[in-house]
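Accompanying notes for the structure given below.
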Amino acid sequence: MMFEKIENITHSNGYENQPSFSPGGKILYFTSQSDTTSGSDIYAYDLQTKQIKQVTFSATSEYSPIITPSGNAISVVMVEKDNSQRIWEFPLSGNSPKRVFQRDSIGYYAWMNERSVLAFILSDGKTVPERLSVISKDGTEKKVADSIGRGMKIFGNSALFVKKTFFGKYLYSTDYSVIKALTKTPGNSEDFALYKNHVFMADGGLIYAAKLRLNKHQIVGLDPFVTVMDLAPYGIFKITRIAVSANGKKMAVVTDVQ
């Protein structure tokens, strides 16, 4: 899996983050904030027309756009007016949003099904560390792990996530009852992307890939990460986010180098 054409799609000096492809791979959604005095909104980049349009126009701030399992809405982490952080849904038109999970303090999330998400629960800054939990629309919650990073992805009936340890950051797998350490992440990586049974991570300007080892679709291990791309020749030296389209034809990265 190699990508031959590198393109800056935003040409902006503002905040742009959390790229997420539509299921068909034709649209790239992302968060954008033009300056520190305004809230962030969700934007959509059409990979065919190369046009960007604003999707949300709210008085709040929205982050982490993901197309919902139903396919007819965009879910986000909304920073509400009282600074609560909950998951909301916007119709694809961007109008008439609704809150779908009552749980506050959501940092990041991944849809498991139409009723539940795997969520990064923020630390209270005192005694409770960041933790990974399964939360449901009916209000139930099950803790999976503590001291986690922001990266998390669903893989079949299991999930992958990053856990912070005294020895560094590690990629773990879980069936939601047992967690298993797979490997140390490249460099200081927290964010990762999945394409079929391959995991992609980045450190500096390098893209790494590793293949999941499976037994009857269950994760039993991970091959060593190998370098598959070097984006330094394109002036990209610090990749902070990475996403891959479902068809494997497009990759999006976030970097602080213009």
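Convention: chains lettered A, B, ... in structure tokens order; per-chain residue numbering from 1; ligands numbered from 1 as shown.
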
Surrounding residues of Trp88 in chain A excluding itself and chain neighbours under 2 positions, 9 Å, only C-alpha atoms, as a PyMOL selection string
chain A and resi 62+74-78+86+90+97-101

Write the selection just made, keeping all heavy atoms, as an mmCIF file, in the first residue's frame?
```cif
data_model
loop_
_atom_site.group_PDB
_atom_site.id
_atom_site.type_symbol
_atom_site.label_atom_id
_atom_site.label_comp_id
_atom_site.auth_asym_id
_atom_site.auth_seq_id
_atom_site.Cartn_x
_atom_site.Cartn_y
_atom_site.Cartn_z
ATOM 1 N N GLU A 62 -17.306 21.874 17.778
ATOM 2 C CA GLU A 62 -17.455 20.464 17.450
ATOM 3 C C GLU A 62 -16.109 19.883 17.029
ATOM 4 O O GLU A 62 -15.344 20.533 16.316
ATOM 5 C CB GLU A 62 -18.466 20.252 16.315
ATOM 6 C CG GLU A 62 -19.905 20.529 16.714
ATOM 7 C CD GLU A 62 -20.219 22.008 16.666
ATOM 8 O OE1 GLU A 62 -19.932 22.665 15.651
ATOM 9 O OE2 GLU A 62 -20.746 22.521 17.681
ATOM 10 N N ILE A 74 -23.690 12.844 11.015
ATOM 11 C CA ILE A 74 -22.305 12.997 11.447
ATOM 12 C C ILE A 74 -22.310 13.137 12.962
ATOM 13 O O ILE A 74 -22.995 14.017 13.505
ATOM 14 C CB ILE A 74 -21.648 14.238 10.830
ATOM 15 C CG1 ILE A 74 -21.726 14.196 9.301
ATOM 16 C CG2 ILE A 74 -20.199 14.364 11.276
ATOM 17 C CD1 ILE A 74 -21.313 15.501 8.653
ATOM 18 N N SER A 75 -21.589 12.278 13.643
ATOM 19 C CA SER A 75 -21.452 12.422 15.089
ATOM 20 C C SER A 75 -20.210 13.240 15.399
ATOM 21 O O SER A 75 -19.228 13.214 14.645
ATOM 22 C CB SER A 75 -21.379 11.054 15.769
ATOM 23 O OG SER A 75 -20.288 10.301 15.274
ATOM 24 N N VAL A 76 -20.274 13.971 16.504
ATOM 25 C CA VAL A 76 -19.164 14.837 16.914
ATOM 26 C C VAL A 76 -19.070 14.834 18.427
ATOM 27 O O VAL A 76 -20.025 14.482 19.128
ATOM 28 C CB VAL A 76 -19.364 16.292 16.437
ATOM 29 C CG1 VAL A 76 -19.488 16.377 14.934
ATOM 30 C CG2 VAL A 76 -20.588 16.923 17.110
ATOM 31 N N VAL A 77 -17.912 15.239 18.938
ATOM 32 C CA VAL A 77 -17.810 15.626 20.336
ATOM 33 C C VAL A 77 -18.087 17.121 20.387
ATOM 34 O O VAL A 77 -17.340 17.915 19.807
ATOM 35 C CB VAL A 77 -16.424 15.323 20.920
ATOM 36 C CG1 VAL A 77 -16.302 15.924 22.323
ATOM 37 C CG2 VAL A 77 -16.181 13.829 20.980
ATOM 38 N N MET A 78 -19.179 17.494 21.036
ATOM 39 C CA MET A 78 -19.534 18.905 21.144
ATOM 40 C C MET A 78 -19.113 19.442 22.507
ATOM 41 O O MET A 78 -19.413 18.842 23.542
ATOM 42 C CB MET A 78 -21.037 19.122 20.970
ATOM 43 C CG MET A 78 -21.469 20.584 21.087
ATOM 44 S SD MET A 78 -23.262 20.824 21.044
ATOM 45 C CE MET A 78 -23.588 20.486 19.303
ATOM 46 N N ARG A 86 -19.955 16.160 25.150
ATOM 47 C CA ARG A 86 -20.817 15.021 24.903
ATOM 48 C C ARG A 86 -20.890 14.734 23.402
ATOM 49 O O ARG A 86 -20.517 15.573 22.574
ATOM 50 C CB ARG A 86 -22.221 15.269 25.449
ATOM 51 C CG ARG A 86 -22.297 15.426 26.965
ATOM 52 C CD ARG A 86 -23.734 15.544 27.430
ATOM 53 N NE ARG A 86 -23.837 15.543 28.876
ATOM 54 C CZ ARG A 86 -23.860 16.630 29.636
ATOM 55 N NH1 ARG A 86 -23.753 17.834 29.067
ATOM 56 N NH2 ARG A 86 -23.979 16.539 30.941
ATOM 57 N N PHE A 90 -25.316 15.436 13.959
ATOM 58 C CA PHE A 90 -25.841 16.405 13.006
ATOM 59 C C PHE A 90 -26.304 15.644 11.763
ATOM 60 O O PHE A 90 -25.574 14.788 11.262
ATOM 61 C CB PHE A 90 -24.758 17.401 12.570
ATOM 62 C CG PHE A 90 -24.394 18.446 13.585
ATOM 63 C CD1 PHE A 90 -23.547 18.134 14.649
ATOM 64 C CD2 PHE A 90 -24.881 19.730 13.485
ATOM 65 C CE1 PHE A 90 -23.195 19.088 15.584
ATOM 66 C CE2 PHE A 90 -24.526 20.703 14.419
ATOM 67 C CZ PHE A 90 -23.691 20.376 15.465
ATOM 68 N N PRO A 97 -29.075 19.608 15.202
ATOM 69 C CA PRO A 97 -28.341 18.541 15.901
ATOM 70 C C PRO A 97 -29.110 18.041 17.121
ATOM 71 O O PRO A 97 -29.990 18.731 17.652
ATOM 72 C CB PRO A 97 -27.046 19.240 16.310
ATOM 73 C CG PRO A 97 -27.441 20.669 16.485
ATOM 74 C CD PRO A 97 -28.452 20.938 15.399
ATOM 75 N N LYS A 98 -28.743 16.847 17.573
ATOM 76 C CA LYS A 98 -29.331 16.297 18.796
ATOM 77 C C LYS A 98 -28.267 15.578 19.599
ATOM 78 O O LYS A 98 -27.336 14.989 19.047
ATOM 79 C CB LYS A 98 -30.483 15.341 18.469
ATOM 80 C CG LYS A 98 -30.053 14.098 17.714
ATOM 81 C CD LYS A 98 -31.241 13.168 17.465
ATOM 82 C CE LYS A 98 -30.803 11.895 16.737
ATOM 83 N NZ LYS A 98 -31.946 10.968 16.501
ATOM 84 N N ARG A 99 -28.399 15.637 20.910
ATOM 85 C CA ARG A 99 -27.484 14.923 21.787
ATOM 86 C C ARG A 99 -27.886 13.453 21.800
ATOM 87 O O ARG A 99 -29.054 13.128 21.958
ATOM 88 C CB ARG A 99 -27.537 15.492 23.195
ATOM 89 C CG ARG A 99 -26.549 14.849 24.171
ATOM 90 C CD ARG A 99 -26.853 15.250 25.592
ATOM 91 N NE ARG A 99 -26.550 16.655 25.825
ATOM 92 C CZ ARG A 99 -26.946 17.302 26.925
ATOM 93 N NH1 ARG A 99 -27.668 16.685 27.840
ATOM 94 N NH2 ARG A 99 -26.615 18.572 27.088
ATOM 95 N N VAL A 100 -26.892 12.555 21.636
ATOM 96 C CA VAL A 100 -27.215 11.130 21.565
ATOM 97 C C VAL A 100 -26.660 10.322 22.745
ATOM 98 O O VAL A 100 -27.115 9.207 22.988
ATOM 99 C CB VAL A 100 -26.738 10.508 20.235
ATOM 100 C CG1 VAL A 100 -27.564 11.019 19.081
ATOM 101 C CG2 VAL A 100 -25.258 10.779 19.997
ATOM 102 N N PHE A 101 -25.678 10.869 23.459
ATOM 103 C CA PHE A 101 -25.173 10.236 24.673
ATOM 104 C C PHE A 101 -25.159 11.279 25.780
ATOM 105 O O PHE A 101 -24.669 12.396 25.580
ATOM 106 C CB PHE A 101 -23.765 9.683 24.465
ATOM 107 C CG PHE A 101 -23.701 8.489 23.557
ATOM 108 C CD1 PHE A 101 -23.515 8.644 22.195
ATOM 109 C CD2 PHE A 101 -23.838 7.201 24.063
ATOM 110 C CE1 PHE A 101 -23.463 7.548 21.341
ATOM 111 C CE2 PHE A 101 -23.792 6.095 23.228
ATOM 112 C CZ PHE A 101 -23.611 6.263 21.865
#
```

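Every protein or nucleic acid residue with an atom no more than 8 Å from Ser116 in chain A, counting only C-alpha atoms and leaving out same-chain residues fewer than 4 positions away, appears here: Trp111, Met112, Val134, Ile135, Ser136 and Lys137 of chain A.
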
Using the selection just defined, write its residues with N, CA and C atoms as an mmCIF file, in the first residue's frame.
```
data_model
loop_
_atom_site.group_PDB
_atom_site.id
_atom_site.type_symbol
_atom_site.label_atom_id
_atom_site.label_comp_id
_atom_site.auth_asym_id
_atom_site.auth_seq_id
_atom_site.Cartn_x
_atom_site.Cartn_y
_atom_site.Cartn_z
ATOM 1 N N TRP A 111 -17.466 4.270 17.090
ATOM 2 C CA TRP A 111 -18.749 3.582 17.108
ATOM 3 C C TRP A 111 -18.553 2.065 17.107
ATOM 4 N N MET A 112 -19.248 1.366 18.019
ATOM 5 C CA MET A 112 -19.287 -0.090 18.042
ATOM 6 C C MET A 112 -20.497 -0.592 17.250
ATOM 7 N N VAL A 134 -16.911 1.527 27.479
ATOM 8 C CA VAL A 134 -18.023 1.325 26.554
ATOM 9 C C VAL A 134 -19.218 2.050 27.145
ATOM 10 N N ILE A 135 -19.767 3.014 26.414
ATOM 11 C CA ILE A 135 -20.954 3.718 26.891
ATOM 12 C C ILE A 135 -22.089 3.501 25.898
ATOM 13 N N SER A 136 -23.295 3.439 26.427
ATOM 14 C CA SER A 136 -24.468 3.151 25.612
ATOM 15 C C SER A 136 -25.495 4.261 25.742
ATOM 16 N N LYS A 137 -26.391 4.331 24.784
ATOM 17 C CA LYS A 137 -27.419 5.363 24.779
ATOM 18 C C LYS A 137 -28.374 5.228 25.953
#
```

Could you check which of A:Gly168, A:Gly94, A:Pro19, A:Pro224 is closest to Met251 in chain A, using only C-alpha atoms?
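Looking only at the distances to Met251 in chain A, the closest residue turns out to be A:Pro19.
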
Rounded to one decimal, what separation in Å do you get between CA of Asn113 in chain A and CA of Glu89 in chain A?
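Taking CA of Asn113 in chain A as the start and CA of Glu89 in chain A as the end point, the length is 14.5 Å.
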
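For Leu118 in chain A, the list of residues within 6 Å, based on only C-alpha atoms and with local chain neighbours fewer than 3 positions off taken out, reads Tyr109, Ala110, Ser133 and Val134 of chain A.
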
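Between CA of Glu141 in chain A and CA of Arg103 in chain A lies a distance of 8.9 Å.
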
Please run DSSP on the backbone and report, as a VMD selection string, all residues within range 53-223 of chain A that come out as strand (DSSP E or B).
chain A and resid 53 to 54 61 to 67 73 to 79 85 to 91 98 to 99 106 to 111 116 to 121 131 to 136 141 to 146 148 to 155 158 to 165 168 to 174 179 to 184 192 to 195 198 to 203 206 to 215 218 to 222

Please provide as a PyMOL selection string all residues within 12 Å of Leu92 in chain A, with the sequence filter that same-chain residues fewer than 2 positions apart are discarded (counting only C-alpha atoms).
chain A and resi 22+27+29+42-44+53-56+65-68+70-76+89-90+94-97

Closest of A:Lys50, A:Pro69, A:Val178, A:Tyr195 to Val244 in chain A - atom-to-atom distances counting only C-alpha atoms:
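Using only C-alpha atoms, Val244 in chain A sits closest to A:Tyr195.
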
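Of the listed residues (A:Asp146, A:Gln18, A:Thr10, A:Gly139), A:Asp146 comes nearest to Thr127 in chain A; the distances count only C-alpha atoms.
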
At a cut-off of 6 Å, using only C-alpha atoms, what residues contact Lys238 in chain A? Leave out same-chain residues fewer than 4 positions from it and give the result as a PyMOL selection string.
chain A and resi 204-205+255

What is the distance, in Å and to one decimal place, between CA of Thr174 in chain A and CA of Ile148 in chain A?
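Value for the CA of Thr174 in chain A-CA of Ile148 in chain A distance: 12.9 Å.
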
If we count only C-alpha atoms, what is near Glu7 in chain A at a cut-off of 12 Å, once residues fewer than 5 positions away on the same chain are taken out, given as a PyMOL selection string?
chain A and resi 47+50+231+234-236+250-254+258

Same residues, N, CA, C and O atoms, saved as a compact mmCIF listing (two decimals), in the first residue's frame:
```
# COMPACT_ATOMS: atom_id res chain seq x y z
N LEU A 47 -13.28 14.78 -2.42
CA LEU A 47 -12.04 14.35 -3.05
C LEU A 47 -12.12 14.34 -4.57
O LEU A 47 -11.09 14.30 -5.25
N LYS A 50 -12.54 18.51 -5.23
CA LYS A 50 -11.53 19.24 -4.46
C LYS A 50 -12.08 20.53 -3.86
O LYS A 50 -11.36 21.51 -3.68
N LEU A 231 7.70 11.03 4.53
CA LEU A 231 7.13 12.26 3.98
C LEU A 231 8.03 13.47 4.20
O LEU A 231 7.66 14.59 3.83
N TYR A 234 8.66 15.91 1.42
CA TYR A 234 7.55 16.82 1.10
C TYR A 234 7.39 17.91 2.15
O TYR A 234 6.39 18.63 2.16
N GLY A 235 8.36 18.02 3.05
CA GLY A 235 8.30 19.05 4.08
C GLY A 235 7.43 18.67 5.26
O GLY A 235 7.04 19.53 6.05
N ILE A 236 7.12 17.38 5.42
CA ILE A 236 6.28 16.92 6.51
C ILE A 236 7.17 16.19 7.52
O ILE A 236 7.70 15.13 7.23
N LYS A 250 -6.88 6.26 -0.15
CA LYS A 250 -6.52 7.59 0.31
C LYS A 250 -6.06 7.54 1.76
O LYS A 250 -6.59 6.76 2.57
N MET A 251 -5.08 8.36 2.06
CA MET A 251 -4.63 8.54 3.44
C MET A 251 -4.61 10.03 3.74
O MET A 251 -4.18 10.84 2.90
N ALA A 252 -5.08 10.41 4.91
CA ALA A 252 -5.03 11.80 5.35
C ALA A 252 -4.14 11.89 6.57
O ALA A 252 -4.22 11.03 7.47
N VAL A 253 -3.28 12.90 6.62
CA VAL A 253 -2.43 13.12 7.79
C VAL A 253 -2.56 14.57 8.18
O VAL A 253 -2.84 15.45 7.37
N VAL A 254 -2.38 14.81 9.48
CA VAL A 254 -2.35 16.16 10.02
C VAL A 254 -0.93 16.46 10.43
O VAL A 254 -0.28 15.65 11.11
N GLN A 258 3.30 23.67 7.24
CA GLN A 258 2.49 24.07 6.09
C GLN A 258 3.26 23.82 4.79
O GLN A 258 4.46 23.90 4.75
```

Could you pull the residues within 10 Å of Val220 in chain A, counting only C-alpha atoms, minus those fewer than 6 positions along the same chain, as number ranges by chain?
A: 173, 180, 182, 212-214

For a quick check of understanding, using only C-alpha atoms, which of A:Gln102, A:Ala243, A:Val226, A:Asp138 has the smallest distance to Arg115 in chain A?
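Of A:Gln102, A:Ala243, A:Val226, A:Asp138, the one nearest Arg115 in chain A, counting only C-alpha atoms, is A:Asp138.
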